[in-house]
Amino acid sequence: MRVRKIISQSTVDGPGNRTAVFLQGCNIRCAYCHNPETQAMDDPEAREMSVQEVTAEVARSIPFIRGITVSGGECMLQAGEMTELFRAVRQLSIESGHPLTRLIDSNGTIQFAEHAVLMSLCDGVMLDVKAWDNAVYHRLTGAKDNSAVIQNMEWLLRHDKLTELRIVCLPGMVDVETILEHIAKTFDSIGKIAPVRLLRFRPHGVAGELKNHPMPTDEQMARYTALAQRLRLDVSVR
């Protein structure tokens, strides 16, 4: 596996205290990326680690963690390696007697439905919805459109694998209101729901054009939250 870093204990990468594994390499280029060092697959600061080595890192944090979250970059670029990691962590749970959930943090550009074994080993996905309008999505990420993200959101919801939807709130750049409205419509049409987390944009770690962009105000975040509540979404803010 091409690994950028491992945080042995994190409280911001999924529910509870978790070991977070950040894989190297990404297939889009978000204007507000907080981990630009993870984008290039061949970055010399990344390291090759075996599944056994990563699993050993996870084992060191038992019994203080509830599970593992694999992020990036875009971790689904290494779906095969991640499948083996989740299989090994499941075995570690059995051997240690300490249950460990296995989560994915993804930009949603790679079809989860095409990775059946991985999804059978995965407890859930935290999915980034960066924009709903295709023009906005292209401007933010450089990718053509967000059709794969929407398809993945619907597939994960139908298969009870959607742990959380994440929206970075960046007024003037991200169509937050449109995203919230379409999420609510999708939930209604499928008849299932998932938590929605509004992430306040913070320039710390951001490189490029948005490195000096102001954070959303409390009033703007309150307006997004109020809209989500009117839409009957299970919303939280960070």
# chains A, B, ... in the order shown; residues from 1 in each chain; ligands from 1
$ residues_around --residues "Pro44 in chain A" --least-positions-apart "2" --cutoff "12 Å" --atoms "only C-alpha atoms" --output "PDB file with N, CA and C atoms, in the first residue's frame"
ATOM      1  N   ARG A   2       0.439   2.245  -0.733  1.00  0.00           N
ATOM      2  CA  ARG A   2       1.151   3.522  -0.742  1.00  0.00           C
ATOM      3  C   ARG A   2       0.509   4.404   0.326  1.00  0.00           C
ATOM      4  N   VAL A   3       1.219   4.631   1.438  1.00  0.00           N
ATOM      5  CA  VAL A   3       0.653   5.286   2.616  1.00  0.00           C
ATOM      6  C   VAL A   3       1.333   6.630   2.838  1.00  0.00           C
ATOM      7  N   ARG A   4       0.510   7.647   3.095  1.00  0.00           N
ATOM      8  CA  ARG A   4       1.062   8.962   3.418  1.00  0.00           C
ATOM      9  C   ARG A   4       1.343   9.094   4.914  1.00  0.00           C
ATOM     10  N   GLN A  24      -1.860   7.433  -0.258  1.00  0.00           N
ATOM     11  CA  GLN A  24      -1.303   8.422  -1.182  1.00  0.00           C
ATOM     12  C   GLN A  24      -1.957   8.309  -2.549  1.00  0.00           C
ATOM     13  N   GLY A  25      -2.242   9.469  -3.155  1.00  0.00           N
ATOM     14  CA  GLY A  25      -2.770   9.509  -4.498  1.00  0.00           C
ATOM     15  C   GLY A  25      -4.220   9.944  -4.550  1.00  0.00           C
ATOM     16  N   GLU A  37      -0.625  17.367  -0.135  1.00  0.00           N
ATOM     17  CA  GLU A  37       0.548  16.496  -0.192  1.00  0.00           C
ATOM     18  C   GLU A  37       0.178  15.055  -0.517  1.00  0.00           C
ATOM     19  N   THR A  38      -1.115  14.701  -0.411  1.00  0.00           N
ATOM     20  CA  THR A  38      -1.538  13.329  -0.703  1.00  0.00           C
ATOM     21  C   THR A  38      -1.925  13.132  -2.163  1.00  0.00           C
ATOM     22  N   GLN A  39      -1.874  14.163  -2.981  1.00  0.00           N
ATOM     23  CA  GLN A  39      -2.433  14.060  -4.329  1.00  0.00           C
ATOM     24  C   GLN A  39      -1.598  13.197  -5.270  1.00  0.00           C
ATOM     25  N   ALA A  40      -0.299  13.466  -5.356  1.00  0.00           N
ATOM     26  CA  ALA A  40       0.542  12.745  -6.314  1.00  0.00           C
ATOM     27  C   ALA A  40       0.877  11.347  -5.800  1.00  0.00           C
ATOM     28  N   MET A  41       0.633  10.328  -6.622  1.00  0.00           N
ATOM     29  CA  MET A  41       0.894   8.957  -6.192  1.00  0.00           C
ATOM     30  C   MET A  41       2.371   8.717  -5.925  1.00  0.00           C
ATOM     31  N   ASP A  42       3.239   9.407  -6.670  1.00  0.00           N
ATOM     32  CA  ASP A  42       4.676   9.142  -6.568  1.00  0.00           C
ATOM     33  C   ASP A  42       5.402  10.116  -5.641  1.00  0.00           C
ATOM     34  N   ALA A  46       5.705   9.727   0.728  1.00  0.00           N
ATOM     35  CA  ALA A  46       4.868   8.566   1.010  1.00  0.00           C
ATOM     36  C   ALA A  46       5.750   7.327   1.117  1.00  0.00           C
ATOM     37  N   ARG A  47       5.209   6.263   1.706  1.00  0.00           N
ATOM     38  CA  ARG A  47       6.000   5.043   1.870  1.00  0.00           C
ATOM     39  C   ARG A  47       5.167   3.825   1.493  1.00  0.00           C
ATOM     40  N   GLU A  48       5.857   2.824   0.996  1.00  0.00           N
ATOM     41  CA  GLU A  48       5.216   1.547   0.704  1.00  0.00           C
ATOM     42  C   GLU A  48       5.143   0.743   1.991  1.00  0.00           C
TER      43      GLU A  48
END
$ residues_around --residues "range 83-92 of chain A" --least-positions-apart "6" --cutoff "10 Å" --atoms "only C-alpha atoms" --output "PyMOL selection string"
chain A and resi 1+50-56+58-59+62+67-70+76+98-103+115-123
$ write_last_selection --atoms "C-alpha atoms" --output "mmCIF file, in the first residue's frame"
data_model
loop_
_atom_site.group_PDB
_atom_site.id
_atom_site.type_symbol
_atom_site.label_atom_id
_atom_site.label_comp_id
_atom_site.auth_asym_id
_atom_site.auth_seq_id
_atom_site.Cartn_x
_atom_site.Cartn_y
_atom_site.Cartn_z
ATOM 1 C CA MET A 1 0.000 0.000 0.000
ATOM 2 C CA SER A 50 2.485 -4.076 3.501
ATOM 3 C CA VAL A 51 -1.001 -4.896 4.748
ATOM 4 C CA GLN A 52 0.647 -6.682 7.660
ATOM 5 C CA GLU A 53 2.619 -3.569 8.609
ATOM 6 C CA VAL A 54 -0.473 -1.352 8.559
ATOM 7 C CA THR A 55 -2.453 -3.920 10.551
ATOM 8 C CA ALA A 56 0.331 -4.006 13.148
ATOM 9 C CA VAL A 58 -3.729 -0.639 14.103
ATOM 10 C CA ALA A 59 -3.144 -3.376 16.669
ATOM 11 C CA ILE A 62 -6.238 -1.655 20.856
ATOM 12 C CA GLY A 67 -12.080 0.947 14.474
ATOM 13 C CA ILE A 68 -10.138 2.050 11.445
ATOM 14 C CA THR A 69 -10.884 4.708 8.831
ATOM 15 C CA VAL A 70 -9.055 4.701 5.494
ATOM 16 C CA MET A 76 -10.461 3.809 -3.541
ATOM 17 C CA HIS A 98 -11.984 -6.285 20.422
ATOM 18 C CA PRO A 99 -14.515 -5.333 17.693
ATOM 19 C CA LEU A 100 -13.090 -2.919 15.115
ATOM 20 C CA THR A 101 -15.312 -1.245 12.544
ATOM 21 C CA ARG A 102 -13.892 -0.545 9.100
ATOM 22 C CA LEU A 103 -14.833 2.741 7.387
ATOM 23 C CA HIS A 115 -15.978 -3.678 -5.495
ATOM 24 C CA ALA A 116 -18.343 -6.208 -3.925
ATOM 25 C CA VAL A 117 -15.804 -7.959 -1.703
ATOM 26 C CA LEU A 118 -14.480 -4.694 -0.298
ATOM 27 C CA MET A 119 -17.996 -3.491 0.448
ATOM 28 C CA SER A 120 -18.837 -6.757 2.210
ATOM 29 C CA LEU A 121 -15.878 -6.107 4.528
ATOM 30 C CA CYS A 122 -16.637 -2.394 4.945
ATOM 31 C CA ASP A 123 -18.980 -1.163 7.679
#
$ residues_around --residues "range 107-109 of chain A" --least-positions-apart "6" --cutoff "12 Å" --atoms "only C-alpha atoms" --output "MDAnalysis selection string"
chainID A and resid 26:30 33 71:77 125:131 137 141 143:156 162 165:168
$ write_last_selection --atoms "N, CA and C atoms" --output "compact mmCIF listing (two decimals), in the first residue's frame"
# COMPACT_ATOMS: atom_id res chain seq x y z
N CYS A 26 -4.53 10.85 -5.48
CA CYS A 26 -5.91 11.31 -5.65
C CYS A 26 -6.18 11.55 -7.13
N ASN A 27 -7.42 11.36 -7.54
CA ASN A 27 -7.80 11.49 -8.94
C ASN A 27 -8.51 12.79 -9.27
N ILE A 28 -8.68 13.68 -8.27
CA ILE A 28 -9.22 15.01 -8.53
C ILE A 28 -8.33 16.03 -7.82
N ARG A 29 -8.56 17.29 -8.10
CA ARG A 29 -7.73 18.36 -7.54
C ARG A 29 -8.63 19.45 -6.96
N CYS A 30 -9.09 19.25 -5.74
CA CYS A 30 -10.01 20.19 -5.12
C CYS A 30 -9.32 21.52 -4.83
N CYS A 33 -8.44 21.72 -1.15
CA CYS A 33 -7.86 20.51 -0.57
C CYS A 33 -7.01 20.83 0.65
N SER A 71 -8.56 6.82 4.48
CA SER A 71 -8.85 8.07 3.76
C SER A 71 -7.74 8.31 2.76
N GLY A 72 -7.55 9.57 2.36
CA GLY A 72 -6.52 9.88 1.39
C GLY A 72 -6.22 11.35 1.36
N GLY A 73 -5.86 11.84 0.16
CA GLY A 73 -6.00 11.28 -1.16
C GLY A 73 -7.37 10.67 -1.40
N GLU A 74 -7.41 9.78 -2.36
CA GLU A 74 -8.61 8.98 -2.61
C GLU A 74 -8.25 7.51 -2.43
N CYS A 75 -8.69 6.94 -1.33
CA CYS A 75 -8.28 5.59 -0.96
C CYS A 75 -8.81 4.53 -1.92
N MET A 76 -9.90 4.81 -2.63
CA MET A 76 -10.46 3.81 -3.54
C MET A 76 -9.56 3.56 -4.75
N LEU A 77 -8.56 4.37 -4.96
CA LEU A 77 -7.57 4.10 -6.00
C LEU A 77 -6.75 2.86 -5.65
N VAL A 125 -19.32 4.09 4.64
CA VAL A 125 -18.56 5.08 3.88
C VAL A 125 -18.96 6.48 4.30
N MET A 126 -17.97 7.31 4.55
CA MET A 126 -18.20 8.74 4.72
C MET A 126 -17.93 9.39 3.36
N LEU A 127 -18.97 9.92 2.75
CA LEU A 127 -18.92 10.37 1.36
C LEU A 127 -18.90 11.90 1.29
N ASP A 128 -17.94 12.42 0.54
CA ASP A 128 -17.84 13.86 0.33
C ASP A 128 -18.72 14.27 -0.85
N VAL A 129 -19.67 15.17 -0.60
CA VAL A 129 -20.46 15.75 -1.68
C VAL A 129 -19.96 17.18 -1.86
N LYS A 130 -19.11 17.38 -2.85
CA LYS A 130 -18.40 18.65 -2.97
C LYS A 130 -19.22 19.71 -3.69
N ALA A 131 -20.15 19.28 -4.53
CA ALA A 131 -21.04 20.19 -5.25
C ALA A 131 -22.13 19.35 -5.86
N TYR A 137 -19.01 21.73 -9.65
CA TYR A 137 -18.13 20.59 -9.35
C TYR A 137 -16.85 20.66 -10.17
N THR A 141 -13.11 20.93 -8.61
CA THR A 141 -12.29 19.71 -8.59
C THR A 141 -11.48 19.45 -9.86
N ALA A 143 -12.70 17.86 -12.26
CA ALA A 143 -13.34 16.70 -12.86
C ALA A 143 -14.51 17.12 -13.73
N LYS A 144 -14.91 16.25 -14.66
CA LYS A 144 -15.95 16.60 -15.62
C LYS A 144 -17.28 16.86 -14.96
N ASP A 145 -17.76 15.93 -14.13
CA ASP A 145 -19.06 16.09 -13.49
C ASP A 145 -19.12 15.22 -12.24
N ASN A 146 -20.22 15.33 -11.53
CA ASN A 146 -20.36 14.61 -10.25
C ASN A 146 -21.33 13.44 -10.35
N SER A 147 -21.56 12.92 -11.55
CA SER A 147 -22.54 11.85 -11.71
C SER A 147 -22.17 10.61 -10.90
N ALA A 148 -20.89 10.27 -10.84
CA ALA A 148 -20.46 9.10 -10.07
C ALA A 148 -20.74 9.29 -8.59
N VAL A 149 -20.55 10.51 -8.10
CA VAL A 149 -20.78 10.79 -6.68
C VAL A 149 -22.25 10.57 -6.34
N ILE A 150 -23.13 11.07 -7.18
CA ILE A 150 -24.57 10.92 -6.93
C ILE A 150 -24.97 9.44 -7.01
N GLN A 151 -24.44 8.74 -8.00
CA GLN A 151 -24.75 7.30 -8.13
C GLN A 151 -24.27 6.55 -6.89
N ASN A 152 -23.07 6.89 -6.42
CA ASN A 152 -22.54 6.23 -5.23
C ASN A 152 -23.37 6.54 -3.99
N MET A 153 -23.79 7.78 -3.86
CA MET A 153 -24.62 8.15 -2.72
C MET A 153 -25.89 7.31 -2.69
N GLU A 154 -26.54 7.17 -3.83
CA GLU A 154 -27.77 6.40 -3.90
C GLU A 154 -27.50 4.92 -3.63
N TRP A 155 -26.43 4.38 -4.20
CA TRP A 155 -26.11 2.96 -4.01
C TRP A 155 -25.79 2.67 -2.54
N LEU A 156 -24.97 3.51 -1.93
CA LEU A 156 -24.60 3.30 -0.53
C LEU A 156 -25.83 3.41 0.38
N LEU A 162 -24.04 3.94 3.95
CA LEU A 162 -23.73 5.36 3.98
C LEU A 162 -23.67 5.83 5.44
N LEU A 165 -22.73 11.81 5.10
CA LEU A 165 -22.47 12.70 3.96
C LEU A 165 -21.78 13.95 4.49
N ARG A 166 -20.70 14.36 3.82
CA ARG A 166 -19.93 15.51 4.28
C ARG A 166 -19.95 16.60 3.23
N ILE A 167 -20.21 17.83 3.68
CA ILE A 167 -20.25 18.98 2.78
C ILE A 167 -19.33 20.06 3.33
N VAL A 168 -18.34 20.46 2.58
CA VAL A 168 -17.50 21.58 2.97
C VAL A 168 -18.23 22.87 2.61
$ closest_residue --among "A:Asn35, A:Ser96, A:Thr163, A:Gln229" --to "Gly205 in chain A" --atoms "only C-alpha atoms"
A:Asn35
$ select_by_dssp --residues "range 47-111 of chain A" --states "strand (DSSP E or B)" --output "list of chain:residue names"
A:Arg47, A:Glu48, A:Gly67, A:Ile68, A:Thr69, A:Val70, A:Ser71, A:Thr101, A:Arg102, A:Leu103, A:Ile104, A:Asp105, A:Ser106
$ write_last_selection --atoms "C-alpha atoms" --output "PDB file, in the first residue's frame"
ATOM      1  CA  ARG A  47       6.000   5.043   1.870  1.00  0.00           C
ATOM      2  CA  GLU A  48       5.216   1.547   0.704  1.00  0.00           C
ATOM      3  CA  GLY A  67     -12.080   0.947  14.474  1.00  0.00           C
ATOM      4  CA  ILE A  68     -10.138   2.050  11.445  1.00  0.00           C
ATOM      5  CA  THR A  69     -10.884   4.708   8.831  1.00  0.00           C
ATOM      6  CA  VAL A  70      -9.055   4.701   5.494  1.00  0.00           C
ATOM      7  CA  SER A  71      -8.853   8.066   3.764  1.00  0.00           C
ATOM      8  CA  THR A 101     -15.312  -1.245  12.544  1.00  0.00           C
ATOM      9  CA  ARG A 102     -13.892  -0.545   9.100  1.00  0.00           C
ATOM     10  CA  LEU A 103     -14.833   2.741   7.387  1.00  0.00           C
ATOM     11  CA  ILE A 104     -13.923   4.487   4.139  1.00  0.00           C
ATOM     12  CA  ASP A 105     -13.644   8.249   3.640  1.00  0.00           C
ATOM     13  CA  SER A 106     -14.071   8.880  -0.099  1.00  0.00           C
TER      14      SER A 106
END
$ select_by_dssp --residues "range 20-220 of chain A" --states "alpha helix (DSSP H)" --output "PyMOL selection string"
chain A and resi 51-59+79-96+116-121+134-141+147-158+176-190+218-220
$ residues_around --residues "range 175-182 of chain A" --least-positions-apart "3" --cutoff "12 Å" --atoms "only C-alpha atoms" --output "number ranges by chain"
A: 128-137, 139-140, 146, 149-150, 153-154, 165-172, 185-189, 195-201, 216, 220-221, 223-235
$ atom_distance --atom1 "CA of Lys211 in chain A" --atom2 "CA of Val174 in chain A"
15.6 Å
$ closest_residue --among "A:Gly80, A:Gly142, A:Pro63, A:Pro214" --to "Ser93 in chain A" --atoms "only C-alpha atoms"
A:Pro63
$ atom_distance --atom1 "CA of His159 in chain A" --atom2 "CA of Ile110 in chain A"
16.4 Å
$ closest_residue --among "A:His138, A:Phe22, A:Val12, A:Glu114" --to "Val237 in chain A" --atoms "only C-alpha atoms"
A:Val12
